[in-house]
Structures are given as C-alpha cells and as structure tokens.
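Text of work-v2.tsv, listed as TSV, C-alpha atoms and all ligand atoms:
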```tsv
chain	number	residue	atom	x	y	z
K	28	MET	CA	126.36	136.77	70.67
K	29	ILE	CA	124.32	139.54	72.32
K	30	LYS	CA	120.89	139.95	70.82
K	31	GLU	CA	119.67	143.35	69.71
K	32	ARG	CA	117.14	144.80	72.06
K	33	LEU	CA	114.30	147.28	71.71
K	34	ILE	CA	112.70	149.33	74.46
K	35	THR	CA	108.98	148.76	73.95
K	36	GLY	CA	105.73	149.48	75.71
K	37	THR	CA	106.17	146.32	77.77
K	38	THR	CA	109.81	146.81	78.84
K	39	LYS	CA	110.25	146.23	82.57
K	40	LEU	CA	112.42	148.45	84.71
K	41	LEU	CA	115.34	147.65	87.02
K	42	GLY	CA	118.01	150.05	88.24
K	43	VAL	CA	120.45	151.29	90.84
K	44	ILE	CA	119.88	154.11	93.32
K	45	GLY	CA	122.76	156.09	94.77
K	46	HIS	CA	124.28	159.54	95.05
K	47	PRO	CA	126.45	159.86	93.10
K	48	VAL	CA	125.59	156.97	90.82
K	49	GLU	CA	127.17	157.91	87.51
K	50	HIS	CA	130.30	155.82	88.20
K	51	SER	CA	128.28	152.68	88.96
K	52	LEU	CA	129.33	149.67	86.91
K	53	SER	CA	126.07	147.85	87.58
K	54	PRO	CA	124.21	149.12	84.46
K	55	VAL	CA	126.99	147.71	82.27
K	56	MET	CA	126.86	144.17	83.65
K	57	HIS	CA	123.10	143.95	84.13
K	58	ASN	CA	122.10	145.27	80.70
K	59	VAL	CA	124.51	142.90	78.99
K	60	ALA	CA	123.09	139.99	80.98
K	61	LEU	CA	119.48	140.99	80.22
K	62	ALA	CA	120.31	141.30	76.53
K	63	GLU	CA	121.95	137.88	76.45
K	64	LEU	CA	118.92	136.37	78.16
K	65	GLY	CA	116.71	138.08	75.55
K	66	LEU	CA	114.54	139.56	78.30
K	67	ASP	CA	112.38	142.66	77.92
K	68	TYR	CA	114.03	144.57	80.78
K	69	VAL	CA	116.25	147.60	81.10
K	70	TYR	CA	118.51	148.54	84.04
K	71	LEU	CA	119.06	152.27	84.63
K	72	PRO	CA	121.06	154.48	87.03
K	73	PHE	CA	118.93	156.69	89.30
K	74	PRO	CA	120.78	159.53	91.06
K	75	ILE	CA	118.69	160.10	94.18
K	76	GLU	CA	119.64	162.60	96.87
K	77	PRO	CA	119.09	161.42	100.47
K	78	GLN	CA	116.19	163.82	101.08
K	79	ASN	CA	114.38	162.40	98.02
K	80	LEU	CA	114.76	158.73	98.91
K	81	GLU	CA	111.27	158.19	100.31
K	82	VAL	CA	109.46	159.92	97.46
K	83	ALA	CA	111.64	158.13	94.90
K	84	ILE	CA	110.79	154.70	96.32
K	85	ALA	CA	107.09	155.58	96.36
K	86	GLY	CA	107.48	156.66	92.73
K	87	PHE	CA	109.18	153.36	91.88
K	88	ALA	CA	106.18	151.51	93.31
K	89	ALA	CA	103.81	153.73	91.32
K	90	VAL	CA	105.55	153.09	87.99
K	91	GLY	CA	106.03	149.37	88.57
K	92	VAL	CA	109.80	149.08	89.03
K	93	VAL	CA	110.58	145.37	89.43
K	94	GLY	CA	113.65	145.78	91.62
K	95	PHE	CA	116.74	147.87	92.19
K	96	SER	CA	120.27	147.87	93.56
K	97	VAL	CA	121.16	150.21	96.41
K	98	THR	CA	124.51	151.92	96.79
K	99	ILE	CA	126.06	154.70	98.90
K	100	PRO	CA	124.55	156.62	100.68
K	101	HIS	CA	121.24	154.70	100.84
K	102	LYS	CA	122.26	151.22	102.03
K	103	GLN	CA	121.15	151.85	105.64
K	104	ALA	CA	118.51	154.56	105.08
K	105	ILE	CA	116.47	152.30	102.78
K	106	LEU	CA	115.78	149.85	105.63
K	107	SER	CA	112.97	151.96	107.12
K	108	LEU	CA	111.18	152.14	103.74
K	109	LEU	CA	110.95	148.38	103.23
K	110	SER	CA	108.17	146.01	104.27
K	111	GLU	CA	110.54	143.10	104.77
K	112	VAL	CA	114.27	142.73	105.28
K	113	THR	CA	115.99	139.34	105.05
K	114	PRO	CA	117.90	138.06	108.11
K	115	ILE	CA	121.27	138.47	106.35
K	116	ALA	CA	120.55	142.13	105.56
K	117	GLN	CA	119.33	142.65	109.13
K	118	ALA	CA	122.53	141.12	110.50
K	119	ILE	CA	124.66	143.39	108.32
K	120	GLY	CA	122.39	146.39	108.84
K	121	ALA	CA	122.51	147.25	105.15
K	122	VAL	CA	120.51	146.45	102.02
K	123	ASN	CA	122.01	146.37	98.52
K	124	THR	CA	119.14	144.67	96.65
K	125	VAL	CA	115.41	145.45	96.72
K	126	THR	CA	112.65	143.56	94.93
K	127	ARG	CA	108.89	144.05	94.61
K	128	GLN	CA	106.99	141.05	95.98
K	129	ASP	CA	103.19	141.00	96.32
K	130	GLY	CA	103.02	144.79	96.28
K	131	LYS	CA	105.73	145.15	98.95
K	132	TRP	CA	109.38	146.15	98.89
K	133	VAL	CA	111.65	143.39	100.18
K	134	GLY	CA	115.32	144.11	100.89
K	135	THR	CA	118.29	141.79	101.09
K	136	ASN	CA	122.06	141.93	100.85
K	137	THR	CA	123.96	139.98	98.20
K	138	ASP	CA	127.43	141.36	99.14
K	139	VAL	CA	128.01	138.40	101.46
K	140	GLU	CA	127.32	135.93	98.65
K	141	GLY	CA	129.50	138.05	96.36
K	142	PHE	CA	132.36	138.13	98.83
K	143	ILE	CA	132.45	134.41	99.56
K	144	ALA	CA	131.87	133.22	95.96
K	145	PRO	CA	135.52	133.35	94.80
K	146	LEU	CA	136.68	131.85	98.11
K	147	GLN	CA	134.32	128.91	97.82
K	148	THR	CA	134.65	128.20	94.12
K	149	THR	CA	138.39	128.64	93.71
K	150	TYR	CA	139.95	127.76	97.03
K	151	HIS	CA	138.42	124.71	98.63
K	152	GLN	CA	139.64	124.90	102.18
K	153	ASP	CA	138.67	123.74	105.59
K	154	TRP	CA	137.73	127.18	106.82
K	155	SER	CA	137.18	125.93	110.36
K	156	GLN	CA	140.98	126.00	110.78
K	157	LYS	CA	141.49	129.44	109.25
K	158	VAL	CA	142.09	132.85	110.78
K	159	ALA	CA	140.60	135.90	109.02
K	160	VAL	CA	141.98	139.40	109.51
K	161	ILE	CA	139.79	142.18	108.15
K	162	LEU	CA	141.19	145.68	107.63
K	163	GLY	CA	138.56	148.40	108.12
K	164	ASN	CA	135.23	148.53	109.89
K	165	GLY	CA	132.93	150.34	107.46
K	166	GLY	CA	129.96	149.12	105.45
K	167	ALA	CA	131.76	146.54	103.33
K	168	ALA	CA	133.50	145.10	106.40
K	169	ARG	CA	130.08	144.13	107.73
K	170	ALA	CA	129.41	141.91	104.72
K	171	VAL	CA	132.93	140.49	104.97
K	172	VAL	CA	132.45	139.60	108.66
K	173	ALA	CA	129.13	137.92	107.82
K	174	GLY	CA	130.86	136.07	104.98
K	175	CYS	CA	133.68	134.84	107.23
K	176	ILE	CA	131.08	133.66	109.74
K	177	GLN	CA	129.26	131.78	106.96
K	178	LEU	CA	132.53	130.18	105.87
K	179	GLY	CA	133.00	129.06	109.46
K	180	CYS	CA	136.42	130.67	110.05
K	181	ALA	CA	138.09	129.64	113.31
K	182	SER	CA	138.59	133.27	114.31
K	183	ILE	CA	137.77	136.63	112.78
K	184	HIS	CA	139.66	139.81	113.66
K	185	VAL	CA	138.43	143.22	112.55
K	186	VAL	CA	141.08	145.94	112.63
K	187	GLY	CA	140.23	149.66	112.61
K	188	ARG	CA	141.83	153.01	113.30
K	189	ASN	CA	139.06	154.64	115.31
K	190	VAL	CA	138.33	153.12	118.74
K	191	GLN	CA	134.86	154.60	118.98
K	192	LYS	CA	133.82	153.38	115.51
K	193	LEU	CA	135.27	149.95	116.30
K	194	GLU	CA	133.18	149.74	119.45
K	195	GLU	CA	130.08	150.91	117.57
K	196	PHE	CA	130.79	148.25	114.94
K	197	ARG	CA	130.97	145.61	117.64
K	198	HIS	CA	127.85	146.84	119.50
K	199	SER	CA	125.79	147.11	116.33
K	200	TRP	CA	125.80	143.30	116.14
K	201	GLY	CA	124.24	143.28	119.62
K	202	ASN	CA	124.49	140.04	121.54
K	203	SER	CA	123.80	137.95	118.46
K	204	SER	CA	125.63	134.69	117.96
K	205	GLN	CA	127.49	136.43	115.12
K	206	ALA	CA	128.79	139.09	117.53
K	207	ALA	CA	130.45	136.38	119.58
K	208	GLN	CA	132.34	135.19	116.53
K	209	PHE	CA	134.62	138.14	115.91
K	210	GLN	CA	136.94	140.44	117.83
K	211	VAL	CA	137.84	144.05	117.14
K	212	HIS	CA	141.37	145.45	117.35
K	213	GLN	CA	143.11	148.73	116.93
K	214	TRP	CA	145.49	149.22	114.02
K	215	GLU	CA	148.51	149.06	116.36
K	216	GLU	CA	147.73	145.38	117.01
K	217	LEU	CA	148.32	144.44	113.36
K	218	PRO	CA	151.92	143.20	113.82
K	219	LYS	CA	150.56	140.53	116.16
K	220	LEU	CA	147.68	139.57	113.84
K	221	ILE	CA	149.31	139.46	110.38
K	222	PRO	CA	151.53	136.39	111.10
K	223	GLN	CA	148.38	134.42	112.04
K	224	ALA	CA	146.31	135.43	108.99
K	225	ASN	CA	145.19	132.79	106.52
K	226	LEU	CA	142.78	135.26	104.95
K	227	LEU	CA	143.65	138.97	104.94
K	228	VAL	CA	140.94	141.26	103.58
K	229	ASN	CA	141.29	144.95	102.75
K	230	THR	CA	137.92	146.66	103.11
K	231	THR	CA	139.39	150.15	103.36
K	232	PRO	CA	139.54	152.40	100.28
K	233	MET	CA	143.34	152.67	100.68
K	234	GLY	CA	144.97	151.97	97.32
K	235	MET	CA	141.85	152.71	95.26
K	236	TYR	CA	142.40	154.62	92.00
K	237	PRO	CA	143.98	157.20	91.75
K	238	HIS	CA	145.95	156.42	94.95
K	239	LEU	CA	148.06	153.75	93.30
K	240	GLU	CA	151.01	154.13	95.69
K	241	VAL	CA	148.93	153.57	98.84
K	242	SER	CA	148.48	150.32	100.74
K	243	PRO	CA	146.85	149.66	104.11
K	244	LEU	CA	149.99	147.75	105.15
K	245	SER	CA	153.63	148.80	105.15
K	246	VAL	CA	156.11	146.59	103.29
K	247	GLY	CA	157.43	145.46	106.68
K	248	GLU	CA	153.99	144.47	107.97
K	249	MET	CA	153.29	142.51	104.79
K	250	THR	CA	156.48	140.45	105.12
K	251	ASP	CA	154.92	138.76	108.15
K	252	LEU	CA	152.01	137.39	106.07
K	253	PRO	CA	152.35	133.59	105.94
K	254	PRO	CA	153.10	132.24	102.43
K	255	GLY	CA	149.98	130.62	100.98
K	256	ALA	CA	147.65	133.02	102.77
K	257	ILE	CA	144.85	134.56	100.72
K	258	ALA	CA	145.02	138.35	100.32
K	259	TYR	CA	141.65	139.72	99.22
K	260	ASP	CA	141.22	143.37	98.24
K	261	LEU	CA	137.65	144.60	97.76
K	262	ILE	CA	139.02	147.30	95.47
K	263	TYR	CA	138.88	146.49	91.73
K	264	ILE	CA	140.59	149.56	90.26
K	265	PRO	CA	143.59	149.45	89.83
K	266	LYS	CA	144.25	145.81	89.02
K	267	PRO	CA	146.19	144.79	91.00
K	268	THR	CA	146.35	147.20	93.94
K	269	LEU	CA	149.64	147.79	95.71
K	270	PHE	CA	148.26	145.70	98.62
K	271	LEU	CA	147.82	142.70	96.31
K	272	GLN	CA	151.22	143.25	94.67
K	273	GLN	CA	152.89	143.26	98.10
K	274	ALA	CA	150.98	140.14	99.13
K	275	GLU	CA	151.86	138.22	95.96
K	276	LYS	CA	155.55	139.00	96.55
K	277	GLN	CA	155.12	137.21	99.87
K	278	GLY	CA	153.74	134.14	98.12
K	279	ALA	CA	150.12	134.91	98.95
K	280	ILE	CA	147.15	134.15	96.68
K	281	ALA	CA	145.59	137.41	95.47
K	282	ILE	CA	141.87	138.05	94.89
K	283	ASP	CA	140.66	141.46	93.71
K	284	GLY	CA	137.20	142.98	94.16
K	285	LEU	CA	135.89	142.40	90.64
K	286	GLU	CA	134.54	138.92	91.27
K	287	MET	CA	132.67	140.12	94.37
K	288	LEU	CA	131.11	142.88	92.28
K	289	VAL	CA	130.10	140.41	89.56
K	290	GLN	CA	128.78	137.78	91.96
K	291	GLN	CA	126.74	140.19	94.11
K	292	GLY	CA	125.20	141.48	90.87
K	293	ALA	CA	124.49	137.97	89.60
K	294	ALA	CA	122.83	137.10	92.92
K	295	ALA	CA	120.62	140.19	92.65
K	296	LEU	CA	119.64	139.40	89.06
K	297	LYS	CA	118.59	135.89	90.09
K	298	ILE	CA	116.28	137.41	92.70
K	299	TRP	CA	114.67	139.92	90.32
K	300	LEU	CA	114.21	137.42	87.49
K	301	HIS	CA	113.21	134.47	89.71
K	302	GLN	CA	115.68	132.26	87.92
K	303	GLU	CA	118.68	130.27	89.07
K	304	ILE	CA	120.90	130.71	86.03
K	305	VAL	CA	122.18	134.09	84.88
K	306	PRO	CA	125.09	134.71	82.45
K	307	VAL	CA	127.81	135.41	85.04
K	308	ASP	CA	130.66	135.01	82.55
K	309	THR	CA	129.10	137.58	80.24
K	310	MET	CA	128.65	139.99	83.16
K	311	ARG	CA	132.31	139.59	84.17
K	312	GLN	CA	133.51	140.01	80.59
K	313	ALA	CA	131.40	143.14	80.10
K	314	LEU	CA	132.93	144.70	83.20
K	315	GLU	CA	136.47	143.76	82.21
K	316	ASN	CA	135.95	145.23	78.71
K	317	HIS	CA	134.42	148.37	80.17
K	318	LEU	CA	137.23	148.85	82.68
K	319	MET	CA	139.83	148.40	79.96
K	320	VAL	CA	138.10	150.98	77.78
K	321	ILE	CA	137.78	153.59	80.53
K	322	GLY	CA	141.39	152.88	81.56
K	323	ASN	CA	142.97	152.57	85.01
K	324	TRP	CA	142.97	148.81	84.77
Y	1	LIG	P1	133.22	152.84	104.28
Y	1	LIG	O1	131.94	152.44	104.87
Y	1	LIG	O2	133.54	154.28	104.11
Y	1	LIG	O3	134.38	152.14	105.17
Y	1	LIG	C1	135.74	152.37	104.93
Y	1	LIG	C2	136.57	151.84	106.09
Y	1	LIG	O4	137.94	152.06	105.78
Y	1	LIG	C3	136.30	152.55	107.42
Y	1	LIG	O5	136.43	151.63	108.47
Y	1	LIG	C4	137.44	153.56	107.46
Y	1	LIG	O6	137.83	153.91	108.77
Y	1	LIG	C5	138.55	152.77	106.84
Y	1	LIG	N1	139.59	153.65	106.33
Y	1	LIG	C6	139.46	154.60	105.37
Y	1	LIG	N2	140.63	155.21	105.18
Y	1	LIG	C7	141.51	154.66	106.06
Y	1	LIG	C8	142.87	154.90	106.38
Y	1	LIG	N3	143.58	155.82	105.72
Y	1	LIG	N4	143.45	154.14	107.35
Y	1	LIG	C9	142.74	153.20	108.01
Y	1	LIG	N5	141.44	152.95	107.76
Y	1	LIG	C10	140.83	153.67	106.79
Y	1	LIG	O7	133.41	152.21	102.83
Y	1	LIG	P2	132.83	150.79	102.32
Y	1	LIG	O8	131.50	150.98	101.71
Y	1	LIG	O9	133.00	149.82	103.42
Y	1	LIG	O10	133.84	150.48	101.10
Y	1	LIG	C11	135.19	150.21	101.38
Y	1	LIG	C12	135.92	149.77	100.09
Y	1	LIG	O11	135.37	148.54	99.64
Y	1	LIG	C13	135.81	150.75	98.93
Y	1	LIG	O12	137.05	150.77	98.27
Y	1	LIG	C14	134.74	150.13	98.05
Y	1	LIG	O13	134.90	150.49	96.69
Y	1	LIG	C15	135.01	148.65	98.26
Y	1	LIG	N6	133.84	147.81	98.02
Y	1	LIG	C16	133.92	146.88	97.02
Y	1	LIG	C17	132.84	146.04	96.79
Y	1	LIG	C18	132.94	145.01	95.71
Y	1	LIG	O14	131.90	144.48	95.28
Y	1	LIG	N7	134.12	144.66	95.25
Y	1	LIG	C19	131.68	146.15	97.55
Y	1	LIG	C20	131.63	147.12	98.57
Y	1	LIG	C21	132.74	147.94	98.79
Y	1	LIG	P3	137.02	154.99	109.65
Y	1	LIG	O15	135.71	154.33	109.94
Y	1	LIG	O16	137.88	155.16	110.83
Y	1	LIG	O17	136.88	156.20	108.79
```

Can you dump the structure from the file as structure tokens?
Amino acid sequence: MIKERLITGTTKLLGVIGHPVEHSLSPVMHNVALAELGLDYVYLPFPIEPQNLEVAIAGFAAVGVVGFSVTIPHKQAILSLLSEVTPIAQAIGAVNTVTRQDGKWVGTNTDVEGFIAPLQTTYHQDWSQKVAVILGNGGAARAVVAGCIQLGCASIHVVGRNVQKLEEFRHSWGNSSQAAQFQVHQWEELPKLIPQANLLVNTTPMGMYPHLEVSPLSVGEMTDLPPGAIAYDLIYIPKPTLFLQQAEKQGAIAIDGLEMLVQQGAAALKIWLHQEIVPVDTMRQALENHLMVIGNW
C-alpha cells in the first residue's frame, strides 16, 4: 500500500535532466518508490537545453538538490561539470547518475549494473565460455560492452554500420585492458558472428515504437542464432519487439529493456538514499502499469 505523501518545507529534491525529458519514465518509478519508503523526497523532470546545462547544475547546487539522473543529450557533457567521476563512468565515458557528496557533484553510471542484473539473477551461466554479439555502437552499447566485460564473456563483438564511428568507439577506450577485450565489426560480418552468439544484444533503436515492423536482423540472419542463446533488446516499447519475437521463434531466451531500466533506477536510488534496499518490485510494477495505461505495450 502506497502511503499518501505531502510536499512540505523539508521535502528534498531529486530529478532527471534531459532534453527532451517529458517522455522519461524515471519520475514514475522513483516517486512510487519514495512514497513506499515513506521518505520526504520528490523526483521531478527538468528539461534543460544543452546551453543551459552549466547554469542549471550550479542552480541545483544552490537549491540543495540531493541527486539527479542524466539522460540524452547530457550524458557526456555533464562530465566536465563534476568534481568526481567513478571509474565505471570514466570507462564508459558517460554519466547517468549524479549525487551531491560533501558539497561536490559526483557522477557514476548505473546502466552497466542495470544491464547485467537480469542476466545474473535469472540466467546463472559460466560467462567465461560465452560469446557476446552487440548490435550498435552508440551510448548504450558502451554500457553493454562494460557489462559483458564484467560478466567475463569469452569474447565480445560489437557490430556497427559506420566504419568511422566503429573505429572511434574502439579508440575511445584507449589502450585500457577493457579495450583489449572486445572487437569491432562491420554489419556485413554479421552472418559469420550470429551462429557463434550465446548473447545477442540489440542496442540500436531499430524496432522501437512506432517502428513495430523493424528489426536489426533479417529473418534469415536470425535463423542462424543458436537455440538457447539469450536475445536481449534494450528497447522496452513495444513488448516484445520484432527482434525478440524472431529470436523466440528460434528457441532463444528473450529479455526486454524494462528490467535494465528498473535496475539502473534502483541502483541510482540506493546511491542517493545511502541505503541498500529499495522497493524494486514496486518500481517495476509502477512502470508496467504506466506503460499499459499509455498504451503501446
Ligand atoms: P545512440 O547513442 O543514438 O546509438 C544508437 C546506435 O544504433 C548507433 O550505433 C547507431 O549507428 C545504431 N543505429 C541506429 N539506427 C540504425 C540502423 N538503421 N542500422 C544500424 N544501426 C543503427 O542511442 P543509445 O543511447 O545507445 O540508445 C540505443 C537504444 O537503447 C534506444 O532504443 C534506447 O531507448 C535504448 N536504451 C535502453 C536503456 C534501458 O534502460 N533499457 C538504456 C539506454 C538505452 P550510427 O552510430 O551509425 O548512427
């Protein structure tokens, strides 16, 4: 039962910055969690244009914001405005969670934790024998690569359509030990990679609502996916995407992007509240209810 909540003179402020931000699902899950915990906090959406980022963050400090989520287009730009950035966020080159600690802004990235959570909790596997194939080389792919490295996958293949962006993706990891743990490939190499994939992750927006008939793989390419492989789509609307429908027909295990969204949010809430337990099930349920009400699910 969710307790009734009042905004008072002592209510503390959390939120999400982005542009646009009105479609963000984060306020739904965080406010429900805060209410269930009976905490005097509120989580708000803040539409902030790129040119206003610096002044907005200074304003947040001035009014005592406790912490905030960061979404497109600020995930990289925010780095230069922070006093500290955790090693995982540095490795990915993007921050999705900021917290105020001792009068300083500290940034981290909880997308990696969000991505690996359903893989670790539901599918106990010896990842050291598994091959990961990642479609796309944008922002989310960076967290997915870091997640596959954390899982200890035997090999990690990132597949993209733009040679220059693929090379930039590779070089942006420098000569770090992580960089040595994955290879980049052009899209044309997919037929060779799909039959090896134990974990196939779609990090492209292909198939996202309203493009229900779109999949990053052709039906023919998908037929080469080994039965029992895990197909993971970061997209959560529609449920399921065509990519996941195709994969399930092949006997693959399907994971959609909702759990990643929930788990990255839960990880952020733990950081802001300095507590280990947050109501993850309530957050998931709130999102599912919301998505059913707004449709497309
Ligand atoms: P992004 O930075 O724009 O990257 C998108 C990637 O997809 C790029 O590599 C892009 O290639 C590639 N791509 C786009 N259209 C393509 C096409 N037609 N054919 C081949 N490749 C294509 O976006 P992002 O932030 O990584 O987000 C990607 C997706 O993940 C979105 O659907 C987003 O909603 C989802 N996501 C979900 C979660 C979650 O919690 N579930 C978290 C983050 C993101 P180019 O670089 O060549 O353009």

Practice task
List all protein, DNA and RNA residues that have any atom at most 8 Å from ligand LIG 1 (chain Y), counting only C-alpha atoms and all ligand atoms, and write the list as a PyMOL selection string.
Solution key: chain K and resi 99+138+141-142+162-169+187-189+192-193+214+229-233+235+243+260-263+283-289+291

Completion exercise
re atom CA of Gln223 of chain K and atom CA of Leu269 of chain K: distance 21.1 Å

Problem - Radius query 12 Å about (135.3, 137.4, 108.3), atoms used: all atoms listed in the file, as a VMD selection string - result: chain K and resid 139 142 to 143 146 154 to 155 157 to 164 167 to 186 205 to 206 208 to 211 224 to 230 259

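The spacing separating atom CA of Thr309 of chain K from atom CA of His50 of chain K amounts to 19.9 Å.
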
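Atom to atom, atom CA of Val55 of chain K and atom CA of Leu71 of chain K stand 9.4 Å apart.
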
Please return the centre and edge lengths, in Å to one decimal, of a box with edges along x, y and z that contains all listed atoms of segment 144-151 of chain K, widened by 8 Å on every side, as JSON.
```
{"center_x": 135.9, "center_y": 129.0, "center_z": 96.2, "size_x": 24.1, "size_y": 24.6, "size_z": 20.9}
```

Practice task
May I ask which of the residues K:Ala281, K:Val133, K:Leu296, K:Ile221 is the closest one to Ser53 of chain K, counting only C-alpha atoms?
Solution key: K:Leu296

Using only C-alpha atoms, what residues lie at most 12 Å away from (155.2, 138.8, 101.8) (file coordinates), given as a compact mmCIF listing (two decimals) with C-alpha atoms, in the coordinates of the input?
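After the write, point_18.txt holds the following:
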```
# COMPACT_ATOMS: atom_id res chain seq x y z
CA ILE K 221 149.31 139.46 110.38
CA PRO K 222 151.53 136.39 111.10
CA ALA K 224 146.31 135.43 108.99
CA LEU K 227 143.65 138.97 104.94
CA LEU K 244 149.99 147.75 105.15
CA SER K 245 153.63 148.80 105.15
CA VAL K 246 156.11 146.59 103.29
CA GLY K 247 157.43 145.46 106.68
CA GLU K 248 153.99 144.47 107.97
CA MET K 249 153.29 142.51 104.79
CA THR K 250 156.48 140.45 105.12
CA ASP K 251 154.92 138.76 108.15
CA LEU K 252 152.01 137.39 106.07
CA PRO K 253 152.35 133.59 105.94
CA PRO K 254 153.10 132.24 102.43
CA GLY K 255 149.98 130.62 100.98
CA ALA K 256 147.65 133.02 102.77
CA ILE K 257 144.85 134.56 100.72
CA ALA K 258 145.02 138.35 100.32
CA PHE K 270 148.26 145.70 98.62
CA LEU K 271 147.82 142.70 96.31
CA GLN K 272 151.22 143.25 94.67
CA GLN K 273 152.89 143.26 98.10
CA ALA K 274 150.98 140.14 99.13
CA GLU K 275 151.86 138.22 95.96
CA LYS K 276 155.55 139.00 96.55
CA GLN K 277 155.12 137.21 99.87
CA GLY K 278 153.74 134.14 98.12
CA ALA K 279 150.12 134.91 98.95
CA ILE K 280 147.15 134.15 96.68
CA ALA K 281 145.59 137.41 95.47
```
